[in-house]
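Trainee: Below you will find the structure I want to go over with you.
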Protein chains: 2
Amino acid sequence: MSELKPGRSFVSAQQVAELAGVSRSAVSRTFTDGASVSESTRKRVLEAADKLGYHVNHLARSLIHEDSGIVCLIGADINTPYHSRLLDAITRRLQGINRVAMVINTSGDSASVEAALRQTLNYRANATVVLSGTPPASLINTCINSGQHVILINRDDHLDGPENITVDNAAAAREAFHMLHRAGCRRIAVVSSQAGTPSLVARERAFETAAGEAGLSVSITRAGPTGYGAGFEAGRLLLSGSDRPEAAFCVTDLLACGFMDAARVEFGMNVPAELCVVGFDDIEQAGWASYQLTTFRQPIDQVADHITRLLDGDDAARGGGRVCFHADPVWRRTVRPK
Amino acid sequence: MSELKPGRSFVSAQQVAELAGVSRSAVSRTFTDGASVSESTRKRVLEAADKLGYHVNHLARSLIHEDSGIVCLIGADINTPYHSRLLDAITRRLQGINRVAMVINTSGDSASVEAALRQTLNYRANATVVLSGTPPASLINTCINSGQHVILINRDDHLDGPENITVDNAAAAREAFHMLHRAGCRRIAVVSSQAGTPSLVARERAFETAAGEAGLSVSITRAGPTGYGAGFEAGRLLLSGSDRPEAAFCVTDLLACGFMDAARVEFGMNVPAELCVVGFDDIEQAGWASYQLTTFRQPIDQVADHITRLLDGDDAARGGGRVCFHADPVWRRTVRPK
DNA sequence: GCAGGCGTTGCACATTTGTGCAATGCCGGT
DNA sequence: ACCGGCATTGCACAAATGTGCAACGCCTGC
């Protein structure tokens, strides 16, 4: 099979038709589900196609149909544990429903973001999933105006064109506070970052509010971009002072890992005896023996499943739907029991 | 701008031409670099295009040109630190040279792998980059026969169609042995996985050979799939015996992290006083304060740069080129100095 | 003033595929 | 044997774009 002469370039349906001795229409129908072809010609066509190494040109096919089969995934920091897991879950499911993922990395400058988003439109992507980051709302509107599906994950801006999938950051943050409060912690710090992502801000706010309702005030530290380094630096700042916090709510597991390491390595502290820590995301490292971090699990599979449902069934996919999943707590060993 | 009526569907060049009062050719030429259009009509076309929200259809454009602008990235375990960083580096650079990345996740069953690879051909991808995993050679040949560029990363099978980018695993593994040998370690274990990936096997072999030349024999432990868990399990197995190894070469940083954690948490050992560890990849976690792992840095940026060079300049891209980059040692604190 | 040249523009054809419509052929029933 | 019906097939057109070729108009130089 595929004993094609090494001569370059792709094979067209015309060539297959000539070899099989049928019309090009017959070839097309052979590769179209539900089209009417006799068993004998189908067999001849398939043989010829295999011999020549023919593959249907989806670009041409997409010219005719509305459906290009391409789904754009737009996101920043895709090398981050949480985002790469999300990417993994989504791409795998997309393949299951015969779509293909086009990944736009917006970690670069904002000019490249705009260029990248334009690609979405240039390739007539079936839908655009915004995983993270803060692409300007105007660009999102451009997509919607061009008749594209847009699915926003964890962005709380209230546009009504796109589909919104969110995580209940506020509920989880409240629960985080009560976990620490019940453990007897009173001086509690919030460790966040300078990123200002909507979901991070939502976690900060809800935690602060819950603390306020319990009569406590919390300090928020933002020592850099979201990541291990910023958590470590926050630990250095917070723990070198005279009145150390008894606990910290880190709005991200990466921040939590950095914070814990600063506490243990720089100050020789024991977690959770001297310091309780709660994170968010439940990245793989949170479960490592060195951390055993108590955190909240991102409902990655639920989010990915919902996306495939939106893209597969055309019915529920319209209008500004809004779904919110819960982030369940994962008890490990960085919060004292009781 | 883009005050398009919310009515669905994309805008065609024909509609722009009518609004601007020119022929469709003029519209096409406006969006084609180097085509001859007067400044006045160009301006009128751009205004009309902006008003209607026009975006060139790359699918149609690709029908004519050879170049679809799509590059397929095929890989498994993209949620892994090393692979997600590679993905990040490559996608970012692709955008820089006006290509777009189509990601095929081969973590699923092998049937889906074949279907996915077919997508590569269906969308007339400009090139296919195989990041990892073990897609059958027959599928790779299918791509090559269809006249596609194929770029293999870290696969040592000796196909001569594709471009090969490799890392000098053997040299690094030899160096790893000498690092441990010079530190005075004699009972050395190799921690690997059951994956059997070419590069992992190459590291095992080279290390074993180097040890043999020094008159030492090493044991190789493969406790599961490549990852933290397998490293931890290997630690449990190796360190519970009567004669514990003095050092371990873990063919992956993830294995090393798991191994170190088992040593410290399960057996209360001190690294590097009682146990030296060397990893491979230099993932982010290797630099975390809890690990400070001595390891070898994957030349990710060099690999990504080379890929863009292959795709951008058409000249050097032909034939079974073979490039090999060096993995430099990163000294941290899991090997005793001197 | 006229010819030559150059920049610009439109026509028509090319790329690859799906599909409606009509024609063809085959089969069964009467 | 003939006719109706059905499955199959080919023609021609559609989708959105790039581009060679010829025509057109304008400017310049003589």
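Chain identifiers are assigned as A, B, and so on, following the order in which chains appear in the structure tokens; residues are numbered from 1 within each chain, and ligands are numbered from 1 in order of appearance.
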So that I can check the surroundings of Ser240 in chain B, please list as a list of chain:residue names every protein, DNA and RNA residue that reaches within 12 Å of it, counting only C-alpha atoms (C1' of nucleotides) and ignoring chain neighbours fewer than 3 positions away.
Mentor: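 In the requested format, the answer is B:Glu233, B:Ala234, B:Gly235, B:Arg236, B:Leu237, B:Asp243, B:Arg244, B:Pro245, B:Ala262, B:Ala263, B:Glu266, B:Phe267, B:Gly268, B:Met269.
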Trainee: Write the selection just made, keeping N, CA and C atoms, as a JSON list (two decimals), in the first residue's frame?
Mentor:
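Writing done, so here's selection_13.json:
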[["chain", "number", "residue", "atom", "x", "y", "z"],
["B", 233, "GLU", "N", 8.19, 4.86, 43.70],
["B", 233, "GLU", "CA", 8.12, 3.41, 43.87],
["B", 233, "GLU", "C", 9.51, 2.78, 43.75],
["B", 234, "ALA", "N", 10.28, 3.27, 42.79],
["B", 234, "ALA", "CA", 11.64, 2.76, 42.64],
["B", 234, "ALA", "C", 12.45, 3.03, 43.90],
["B", 235, "GLY", "N", 12.24, 4.19, 44.49],
["B", 235, "GLY", "CA", 12.92, 4.51, 45.74],
["B", 235, "GLY", "C", 12.55, 3.53, 46.83],
["B", 236, "ARG", "N", 11.26, 3.25, 46.95],
["B", 236, "ARG", "CA", 10.81, 2.28, 47.95],
["B", 236, "ARG", "C", 11.50, 0.94, 47.77],
["B", 237, "LEU", "N", 11.56, 0.49, 46.53],
["B", 237, "LEU", "CA", 12.14, -0.82, 46.26],
["B", 237, "LEU", "C", 13.64, -0.84, 46.55],
["B", 243, "ASP", "N", 21.63, -3.56, 51.12],
["B", 243, "ASP", "CA", 22.72, -2.68, 50.67],
["B", 243, "ASP", "C", 22.16, -1.59, 49.76],
["B", 244, "ARG", "N", 21.88, -0.47, 50.38],
["B", 244, "ARG", "CA", 21.33, 0.66, 49.65],
["B", 244, "ARG", "C", 22.36, 1.22, 48.69],
["B", 245, "PRO", "N", 21.90, 1.70, 47.55],
["B", 245, "PRO", "CA", 22.83, 2.41, 46.66],
["B", 245, "PRO", "C", 23.26, 3.73, 47.29],
["B", 262, "ALA", "N", 10.86, 9.68, 48.10],
["B", 262, "ALA", "CA", 10.81, 8.38, 48.78],
["B", 262, "ALA", "C", 11.96, 8.27, 49.77],
["B", 263, "ALA", "N", 13.14, 8.65, 49.32],
["B", 263, "ALA", "CA", 14.32, 8.55, 50.18],
["B", 263, "ALA", "C", 14.15, 9.37, 51.45],
["B", 266, "GLU", "N", 10.17, 8.44, 53.24],
["B", 266, "GLU", "CA", 9.96, 7.07, 53.68],
["B", 266, "GLU", "C", 11.13, 6.55, 54.50],
["B", 267, "PHE", "N", 12.34, 7.01, 54.18],
["B", 267, "PHE", "CA", 13.50, 6.45, 54.85],
["B", 267, "PHE", "C", 14.31, 7.48, 55.63],
["B", 268, "GLY", "N", 13.85, 8.72, 55.62],
["B", 268, "GLY", "CA", 14.53, 9.75, 56.40],
["B", 268, "GLY", "C", 15.96, 10.00, 56.00],
["B", 269, "MET", "N", 16.26, 9.75, 54.74],
["B", 269, "MET", "CA", 17.64, 9.92, 54.30],
["B", 269, "MET", "C", 17.94, 11.37, 53.96]]
Trainee: Find the residues around Arg155 in chain A up to 12 Å (only C-alpha atoms (C1' of nucleotides) counted), leave out those fewer than 5 positions away in its own chain, and share them as a list in words.
Mentor: Val129, Val130, Leu131, Ser132, Gly133, Thr134, Pro135, Pro136, Ala137, Pro162, Glu163, Asn164, Ile165, Thr166, Val167, Asp168, Asn169, Gly196, Thr197, Pro198, Ser199, Leu200, Val201, Ala202, Arg322, Val323 and Cys324 of chain A
Trainee: Store the residues picked out above, limited to C-alpha atoms, as an mmCIF file, in the first residue's frame.
Mentor:
data_model
loop_
_atom_site.group_PDB
_atom_site.id
_atom_site.type_symbol
_atom_site.label_atom_id
_atom_site.label_comp_id
_atom_site.auth_asym_id
_atom_site.auth_seq_id
_atom_site.Cartn_x
_atom_site.Cartn_y
_atom_site.Cartn_z
ATOM 1 C CA VAL A 129 -12.012 28.565 23.440
ATOM 2 C CA VAL A 130 -10.319 31.185 25.579
ATOM 3 C CA LEU A 131 -8.479 29.255 28.254
ATOM 4 C CA SER A 132 -7.002 32.096 30.167
ATOM 5 C CA GLY A 133 -5.141 35.306 29.860
ATOM 6 C CA THR A 134 -6.740 38.608 29.167
ATOM 7 C CA PRO A 135 -7.356 39.091 25.474
ATOM 8 C CA PRO A 136 -9.090 42.425 24.997
ATOM 9 C CA ALA A 137 -12.864 42.171 24.914
ATOM 10 C CA PRO A 162 -20.012 33.999 24.376
ATOM 11 C CA GLU A 163 -20.576 30.837 26.312
ATOM 12 C CA ASN A 164 -19.160 31.066 29.830
ATOM 13 C CA ILE A 165 -17.688 28.243 31.839
ATOM 14 C CA THR A 166 -16.604 29.230 35.296
ATOM 15 C CA VAL A 167 -15.465 27.724 38.529
ATOM 16 C CA ASP A 168 -17.046 28.818 41.733
ATOM 17 C CA ASN A 169 -13.974 30.591 43.011
ATOM 18 C CA GLY A 196 -4.813 40.351 38.182
ATOM 19 C CA THR A 197 -6.586 37.504 36.410
ATOM 20 C CA PRO A 198 -10.333 37.581 37.070
ATOM 21 C CA SER A 199 -10.410 34.241 38.854
ATOM 22 C CA LEU A 200 -7.462 35.136 41.068
ATOM 23 C CA VAL A 201 -9.075 38.392 42.044
ATOM 24 C CA ALA A 202 -12.338 36.587 42.767
ATOM 25 C CA ARG A 322 -23.416 30.196 31.708
ATOM 26 C CA VAL A 323 -22.215 27.161 33.591
ATOM 27 C CA CYS A 324 -20.443 27.072 36.910
#
Trainee: Step one, run DSSP on the backbone; step two, keep only residues of range 128-217 of chain B assigned to alpha helix (DSSP H); then write them as a PyMOL selection string.
Mentor: chain B and resi 137-145+169-182+198-213
Trainee: Which neighbours of range 15-24 of chain D fall inside 6 Å, counting only C-alpha atoms (C1' of nucleotides), when residues of the same chain fewer than 4 positions from it are skipped, and could you give them as a VMD selection string?
Mentor: (chain A and resid 63 to 64) or (chain B and resid 60 to 61)
Trainee: At most 10 Å is the cut-off: for each residue in chain B with any atom that close to an atom of chain D, write down the nearest atom pair and the distance in Å rounded to one decimal, counting only C-alpha atoms (C1' of nucleotides), chain first then increasing number, as CSV.
Mentor:
residue,atom,partner,partner_atom,distance
B:Ser12,CA,D:DA16,C1',7.0
B:Ala13,CA,D:DA16,C1',7.6
B:Gln14,CA,D:DA16,C1',8.9
B:Arg24,CA,D:DT17,C1',9.7
B:Ser25,CA,D:DG18,C1',8.6
B:Ser28,CA,D:DG18,C1',7.4
B:Arg29,CA,D:DG18,C1',8.4
B:Thr32,CA,D:DG18,C1',8.6
B:Ala35,CA,D:DT19,C1',9.8
B:Val56,CA,D:DT17,C1',8.4
B:Asn57,CA,D:DA16,C1',6.8
B:His58,CA,D:DT17,C1',8.5
B:Leu59,CA,D:DA16,C1',8.3
B:Ala60,CA,D:DT17,C1',5.2
B:Arg61,CA,D:DT17,C1',5.2
B:Ser62,CA,D:DT17,C1',8.6
B:Leu63,CA,D:DT17,C1',8.0
B:Ile64,CA,D:DG18,C1',6.8
B:His65,CA,D:DG18,C1',8.3
Trainee: CA of Thr294 in chain B to CA of Gly279 in chain B: how many Å, to one decimal?
Mentor: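 These atoms are spaced 6.4 Å apart.
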Trainee: Could you tell me which residues of chain A sit within 8 Å of chain B when counting only C-alpha atoms, and give me the result as a count of residues only?
Mentor: 60
Trainee: Using only C-alpha atoms (C1' of nucleotides) and a distance of at most 7 Å, pull out the residues of chain C that contact chain A, as a list in words.
Mentor: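 Contact residues on the first chain: DT16, DT17 and DG18 of chain C.
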Trainee: Kindly save the residues from that selection, with N, CA and C atoms (P, O5', C5', C4', C3', O3' and C1' of nucleotides) included, as an mmCIF file, in the first residue's frame.
Mentor:
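Output (out.cif):
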data_model
loop_
_atom_site.group_PDB
_atom_site.id
_atom_site.type_symbol
_atom_site.label_atom_id
_atom_site.label_comp_id
_atom_site.auth_asym_id
_atom_site.auth_seq_id
_atom_site.Cartn_x
_atom_site.Cartn_y
_atom_site.Cartn_z
ATOM 1 P P DT C 16 -5.642 20.596 -7.133
ATOM 2 O "O5'" DT C 16 -6.878 20.345 -6.153
ATOM 3 C "C5'" DT C 16 -6.689 20.406 -4.751
ATOM 4 C "C4'" DT C 16 -8.035 20.286 -4.063
ATOM 5 C "C3'" DT C 16 -8.771 18.996 -4.382
ATOM 6 O "O3'" DT C 16 -8.925 18.236 -3.194
ATOM 7 C "C1'" DT C 16 -10.213 20.877 -4.563
ATOM 8 P P DT C 17 -9.512 16.735 -3.230
ATOM 9 O "O5'" DT C 17 -11.063 16.990 -2.960
ATOM 10 C "C5'" DT C 17 -11.490 17.335 -1.664
ATOM 11 C "C4'" DT C 17 -12.797 18.104 -1.715
ATOM 12 C "C3'" DT C 17 -14.060 17.263 -1.903
ATOM 13 O "O3'" DT C 17 -14.562 16.913 -0.633
ATOM 14 C "C1'" DT C 17 -14.150 19.378 -3.049
ATOM 15 P P DG C 18 -15.698 15.833 -0.490
ATOM 16 O "O5'" DG C 18 -17.029 16.682 -0.755
ATOM 17 C "C5'" DG C 18 -17.482 17.560 0.269
ATOM 18 C "C4'" DG C 18 -18.785 18.223 -0.145
ATOM 19 C "C3'" DG C 18 -19.981 17.289 -0.290
ATOM 20 O "O3'" DG C 18 -21.132 17.960 0.198
ATOM 21 C "C1'" DG C 18 -19.638 18.418 -2.324
#
Trainee: Using DSSP on the backbone, list every residue of range 171-270 of chain B that comes out as strand (DSSP E), and give them as an NGL selection string.
Mentor: :B and (188-192 or 219-222 or 247-250)
Trainee: Determine, counting only C-alpha atoms (C1' of nucleotides), which protein, DNA and RNA residues have an atom within 8 Å of an atom of Pro299 in chain B; residues of the same chain fewer than 3 positions away are not included. Present the result as a JSON list (two decimals) with N, CA and C atoms, in the first residue's frame.
Mentor:
[["chain", "number", "residue", "atom", "x", "y", "z"],
["B", 167, "VAL", "N", 19.05, 14.96, 20.98],
["B", 167, "VAL", "CA", 19.87, 15.45, 22.07],
["B", 167, "VAL", "C", 20.90, 14.38, 22.34],
["B", 302, "GLN", "N", 17.06, 25.79, 21.74],
["B", 302, "GLN", "CA", 17.81, 25.45, 20.53],
["B", 302, "GLN", "C", 16.98, 24.59, 19.59],
["B", 303, "VAL", "N", 16.27, 23.63, 20.17],
["B", 303, "VAL", "CA", 15.44, 22.76, 19.35],
["B", 303, "VAL", "C", 14.35, 23.58, 18.65],
["B", 325, "PHE", "N", 21.95, 18.27, 19.56],
["B", 325, "PHE", "CA", 22.32, 19.31, 20.52],
["B", 325, "PHE", "C", 22.82, 18.69, 21.81],
["B", 326, "HIS", "N", 23.58, 19.48, 22.50],
["B", 326, "HIS", "CA", 24.16, 18.99, 23.74],
["B", 326, "HIS", "C", 23.27, 19.36, 24.92],
["B", 327, "ALA", "N", 23.19, 18.46, 25.88],
["B", 327, "ALA", "CA", 22.48, 18.76, 27.13],
["B", 327, "ALA", "C", 23.52, 19.09, 28.19]]
Trainee: Let me make sure I understand: among A:Pro272, A:Gly215, A:Gly75, A:Gly224, which one has the smallest atom-to-atom distance to Ala183 in chain A if we use only C-alpha atoms?
Mentor: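 The answer is A:Pro272, which sits nearest to Ala183 in chain A.
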Trainee: With only C-alpha atoms as the basis for distance, which of B:His178, B:His149, B:Arg336, B:Arg205 is at the shortest distance from Leu293 in chain B?
Mentor: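 The answer is B:Arg336, which sits nearest to Leu293 in chain B.
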Trainee: List the neighbours of Arg332 in chain B out to 9 Å using only C-alpha atoms (C1' of nucleotides); skip same-chain residues closer than 2 positions along the sequence, and give me the result as a PyMOL selection string.
Mentor: chain B and resi 286-287+291-295+330+334-335
Trainee: Emit the selected residues as a short mmCIF file (atom, residue, chain, number, x, y, z; two decimals), in the first residue's frame, including N, CA and C atoms.
Mentor:
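The new file again_9.cif reads:
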data_model
loop_
_atom_site.label_atom_id
_atom_site.label_comp_id
_atom_site.auth_asym_id
_atom_site.auth_seq_id
_atom_site.Cartn_x
_atom_site.Cartn_y
_atom_site.Cartn_z
N ALA B 286 12.89 21.02 39.22
CA ALA B 286 14.26 20.67 39.61
C ALA B 286 14.94 21.83 40.31
N GLY B 287 14.50 23.04 40.01
CA GLY B 287 15.10 24.21 40.63
C GLY B 287 14.41 24.64 41.91
N TYR B 291 14.05 20.60 46.12
CA TYR B 291 14.78 19.58 45.38
C TYR B 291 16.21 20.02 45.06
N GLN B 292 16.35 21.17 44.42
CA GLN B 292 17.70 21.63 44.07
C GLN B 292 18.48 20.52 43.39
N LEU B 293 17.82 19.99 42.36
CA LEU B 293 18.31 18.78 41.71
C LEU B 293 19.41 19.09 40.68
N THR B 294 20.50 18.39 40.81
CA THR B 294 21.54 18.45 39.79
C THR B 294 21.08 17.62 38.59
N THR B 295 21.13 18.23 37.43
CA THR B 295 20.51 17.57 36.29
C THR B 295 21.12 18.05 34.98
N VAL B 330 23.57 20.94 34.88
CA VAL B 330 23.17 22.04 35.76
C VAL B 330 23.49 21.60 37.18
N THR B 334 22.31 18.08 44.66
CA THR B 334 22.03 16.69 45.00
C THR B 334 23.22 15.77 44.72
N VAL B 335 24.33 16.38 44.39
CA VAL B 335 25.57 15.61 44.25
C VAL B 335 26.64 16.27 45.10
#
Trainee: Please provide as a ChimeraX atom specification all residues within 9 Å of range 189-192 of chain B, with the sequence filter that same-chain residues fewer than 5 positions apart are discarded (counting only C-alpha atoms (C1' of nucleotides)).
Mentor: /B:200-201,204,207-208,218-226,230-231,234-235,238,245-252,255-256,259
Trainee: Could you please determine the separation between CA of Arg297 in chain A and CA of Phe177 in chain A in Å, to one decimal place?
Mentor: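 Rounded to one decimal, the two atoms are 15.8 Å apart.
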